[in-house]
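A.B. asks: Below is the structure I would like to discuss, written out as structure tokens.
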Amino acid sequence: MRLKTLFVSAGLLFAAHASATTIMRVTLTCPVGGEKFETALAASGTSFGQNLDFQLYGPIISPWPVARCPSNGFIMYKNEFTNEELAQLKPFVTSEQYQQMAKRHTNYYLIAQLLKYMNGSPEAIAQALLKATWEANDKQYPAYAEEALNAFKVLEQAKAKDDRERITRQLLTGELERRLQQWDAADARFRAIASDPALQDQERAVIELQLQLIKTRISSTQPVPRIKDKTQQ
């Protein structure tokens with residue numbers, strides 16, 4: 001059974017539509033411990049749009065479901081693991097530290113911790129923490145968002161592969177600042193990037209909306225604004 005890739009490029013701001021939501025029951029073997037278990041995974045889904053934090057909405061599960069081993073809480077966060085990786089992961093997964101985290105935290109938050117332990121890329125860690133905020137309940141959200149924000153600030157120090165990735169990182173960082181009610185920081189960030197000549201029309205619309213939300217002190221999640229296709233005007 002091959003699992004769907006968990007992390008998408010940060011430059012993909014606006015997701016394409018998929019097919020209707022389909023759930024399937026599968027039997028898997030936990031890479032750590034060898035436990036066999038049955039779980040439900042999504043095979044497909046349809047998104048009607050996405051929020052400013054990139055979470056998709058519509059008849060789709062977002063973030064995409066991942067398999068979690070029932071006994072030890074290990075998250076199968078990629079398709080295959082080498083023997084060396086499993087040897088490195090086992091002491092951490094079976095540790096009291098991880099077992100306590102597994103009782104309290106969401107799947108993608110646990111993925112972020114596994115990636116940190118395995119020296120995963122800052123991009124992958126930030127993306128996992130962002131997805132953890134989508135899973136979070138009201139009590140978990142502030143801590144998860146703060147950790148995700150710090151992870152995206154780390155990415156600011158890394159060279160982006162292109163303008164889309166660079167701008168997308170800024171949009172996500174500003175979104176997390178707004179959601180955490182860090183109004184001055186969010187306002188300054190969006191005003192700073194508003195004059196970027198590389199901005200596309202959709203990104204400009206996002207910045208305009210963000211500045212209005214900051215002005216009116218709205219910190220809740222909001223959908224990405226739709227703009228008209230210039231070819232249809």
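Identifiers in this document derive from the order of the structure tokens: chains are assigned A, B, ..., residues are numbered from 1 separately in each chain, and ligands are numbered from 1 in order of occurrence.
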Write out as a list of chain:residue names which residues come within 6 Å of A:Leu52 when counting only C-alpha atoms, dropping same-chain ones fewer than 2 positions away.
C.D. replies: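 In the requested format, the answer is A:Phe54, A:Gln222, A:Pro223, A:Val224.
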A.B. asks: In terms of the shortest atom-to-atom distance over only C-alpha atoms, which of A:Gln200, A:Asn83, A:Thr22, A:Ser71 is closest to A:Ser44?
C.D. replies: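 Among the listed residues, A:Thr22 lies closest to A:Ser44.
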A.B. asks: For the atom pair atom CA of A:Ala192 and atom CA of A:Gln170, what is the interatomic distance in Å to one decimal place?
C.D. replies: 9.9 Å
A.B. asks: Name the closest residue to A:Ala194 among the candidates A:Gln210, A:Gln140, A:Gln88, A:Gln181; distances are taken between atoms, counting only C-alpha atoms.
C.D. replies: A:Gln210
A.B. asks: As an NGL selection string, please: every residue in stretch 136-178 of chain A that DSSP puts in alpha helix (DSSP H).
C.D. replies: :A and (141-155 or 163-178)
A.B. asks: Go through A:Leu149, A:Leu86, A:Lys159, A:Ser47 one by one, measure the shortest atom-to-atom distance of each to A:Gly34 using only C-alpha atoms, and give the residue with the smallest value.
C.D. replies: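 Going through A:Leu149, A:Leu86, A:Lys159, A:Ser47 one by one, the smallest distance to A:Gly34 is for A:Leu86.
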A.B. asks: Using Å and a single decimal, report how far atom CA of A:Tyr108 sits from atom CA of A:Asp187.
C.D. replies: 28.6 Å
A.B. asks: When you draw a straight line from atom CA of A:Thr94 to atom CA of A:Asn72, how long is it in Å?
C.D. replies: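 Taking atom CA of A:Thr94 as the start and atom CA of A:Asn72 as the end point, the length is 6.9 Å.
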A.B. asks: Pick from A:Pro31, A:Pro59, A:Gly120, A:Gly49: nearest to A:Gly73, with only C-alpha atoms counted?
C.D. replies: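 Looking only at the distances to A:Gly73, the closest residue turns out to be A:Pro31.
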A.B. asks: Using only C-alpha atoms, can you tell me which of A:Arg226, A:Leu115, A:Trp183, A:Lys161 comes closest to A:Met76?
C.D. replies: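 Smallest distance to A:Met76 is found for A:Leu115.
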A.B. asks: Give me every strand (DSSP E) residue in stretch 31-184 of chain A, going by DSSP on the backbone, as a ChimeraX atom specification.
C.D. replies: /A:36-44,49-50,56-57
A.B. asks: Nearest to A:Leu199 among A:Leu171, A:Ala185, A:Val26, A:Leu56, with distances taken over only C-alpha atoms: which residue is it?
C.D. replies: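 Residue with the minimum atom-to-atom distance to A:Leu199: A:Leu171.
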A.B. asks: Which residues come within 6 Å of A:Ala186, counting only C-alpha atoms, excluding same-chain residues fewer than 3 positions away, as a PDB file with all heavy atoms, in the first residue's frame?
C.D. replies:
```
ATOM      1  N   GLY A 174       2.630  35.656   7.754  1.00  0.00           N
ATOM      2  CA  GLY A 174       1.730  36.728   8.133  1.00  0.00           C
ATOM      3  C   GLY A 174       0.370  36.225   8.584  1.00  0.00           C
ATOM      4  O   GLY A 174      -0.240  36.763   9.507  1.00  0.00           O
ATOM      5  N   GLU A 177       0.710  35.025  12.090  1.00  0.00           N
ATOM      6  CA  GLU A 177       0.798  36.183  12.997  1.00  0.00           C
ATOM      7  C   GLU A 177      -0.582  36.771  13.245  1.00  0.00           C
ATOM      8  O   GLU A 177      -0.926  37.111  14.381  1.00  0.00           O
ATOM      9  CB  GLU A 177       1.744  37.233  12.396  1.00  0.00           C
ATOM     10  CG  GLU A 177       3.210  36.818  12.459  1.00  0.00           C
ATOM     11  CD  GLU A 177       4.128  37.744  11.684  1.00  0.00           C
ATOM     12  OE1 GLU A 177       3.651  38.401  10.726  1.00  0.00           O
ATOM     13  OE2 GLU A 177       5.322  37.790  12.007  1.00  0.00           O
ATOM     14  N   ARG A 178      -1.378  36.889  12.183  1.00  0.00           N
ATOM     15  CA  ARG A 178      -2.734  37.425  12.358  1.00  0.00           C
ATOM     16  C   ARG A 178      -3.584  36.500  13.213  1.00  0.00           C
ATOM     17  O   ARG A 178      -4.297  36.948  14.123  1.00  0.00           O
ATOM     18  CB  ARG A 178      -3.402  37.632  10.995  1.00  0.00           C
ATOM     19  CG  ARG A 178      -4.842  38.171  11.104  1.00  0.00           C
ATOM     20  CD  ARG A 178      -5.515  38.267   9.750  1.00  0.00           C
ATOM     21  NE  ARG A 178      -5.758  36.956   9.157  1.00  0.00           N
ATOM     22  CZ  ARG A 178      -6.807  36.184   9.441  1.00  0.00           C
ATOM     23  NH1 ARG A 178      -7.710  36.583  10.349  1.00  0.00           N
ATOM     24  NH2 ARG A 178      -6.962  35.021   8.841  1.00  0.00           N
ATOM     25  N   TRP A 183      -0.956  41.644  15.801  1.00  0.00           N
ATOM     26  CA  TRP A 183      -1.451  42.573  14.799  1.00  0.00           C
ATOM     27  C   TRP A 183      -0.357  43.431  14.170  1.00  0.00           C
ATOM     28  O   TRP A 183      -0.309  43.586  12.939  1.00  0.00           O
ATOM     29  CB  TRP A 183      -2.518  43.469  15.419  1.00  0.00           C
ATOM     30  CG  TRP A 183      -3.633  42.752  16.093  1.00  0.00           C
ATOM     31  CD1 TRP A 183      -3.965  42.779  17.417  1.00  0.00           C
ATOM     32  CD2 TRP A 183      -4.605  41.887  15.482  1.00  0.00           C
ATOM     33  NE1 TRP A 183      -5.058  41.990  17.676  1.00  0.00           N
ATOM     34  CE2 TRP A 183      -5.483  41.435  16.504  1.00  0.00           C
ATOM     35  CE3 TRP A 183      -4.817  41.449  14.170  1.00  0.00           C
ATOM     36  CZ2 TRP A 183      -6.539  40.571  16.259  1.00  0.00           C
ATOM     37  CZ3 TRP A 183      -5.873  40.587  13.915  1.00  0.00           C
ATOM     38  CH2 TRP A 183      -6.718  40.163  14.951  1.00  0.00           C
ATOM     39  N   ARG A 189       4.303  43.065   8.061  1.00  0.00           N
ATOM     40  CA  ARG A 189       4.735  42.073   7.078  1.00  0.00           C
ATOM     41  C   ARG A 189       3.954  42.234   5.768  1.00  0.00           C
ATOM     42  O   ARG A 189       4.544  42.249   4.685  1.00  0.00           O
ATOM     43  CB  ARG A 189       4.541  40.665   7.628  1.00  0.00           C
ATOM     44  CG  ARG A 189       5.071  39.562   6.702  1.00  0.00           C
ATOM     45  CD  ARG A 189       4.885  38.183   7.310  1.00  0.00           C
ATOM     46  NE  ARG A 189       5.571  38.057   8.583  1.00  0.00           N
ATOM     47  CZ  ARG A 189       6.866  37.770   8.702  1.00  0.00           C
ATOM     48  NH1 ARG A 189       7.608  37.582   7.622  1.00  0.00           N
ATOM     49  NH2 ARG A 189       7.413  37.655   9.894  1.00  0.00           N
TER      50      ARG A 189
END
```
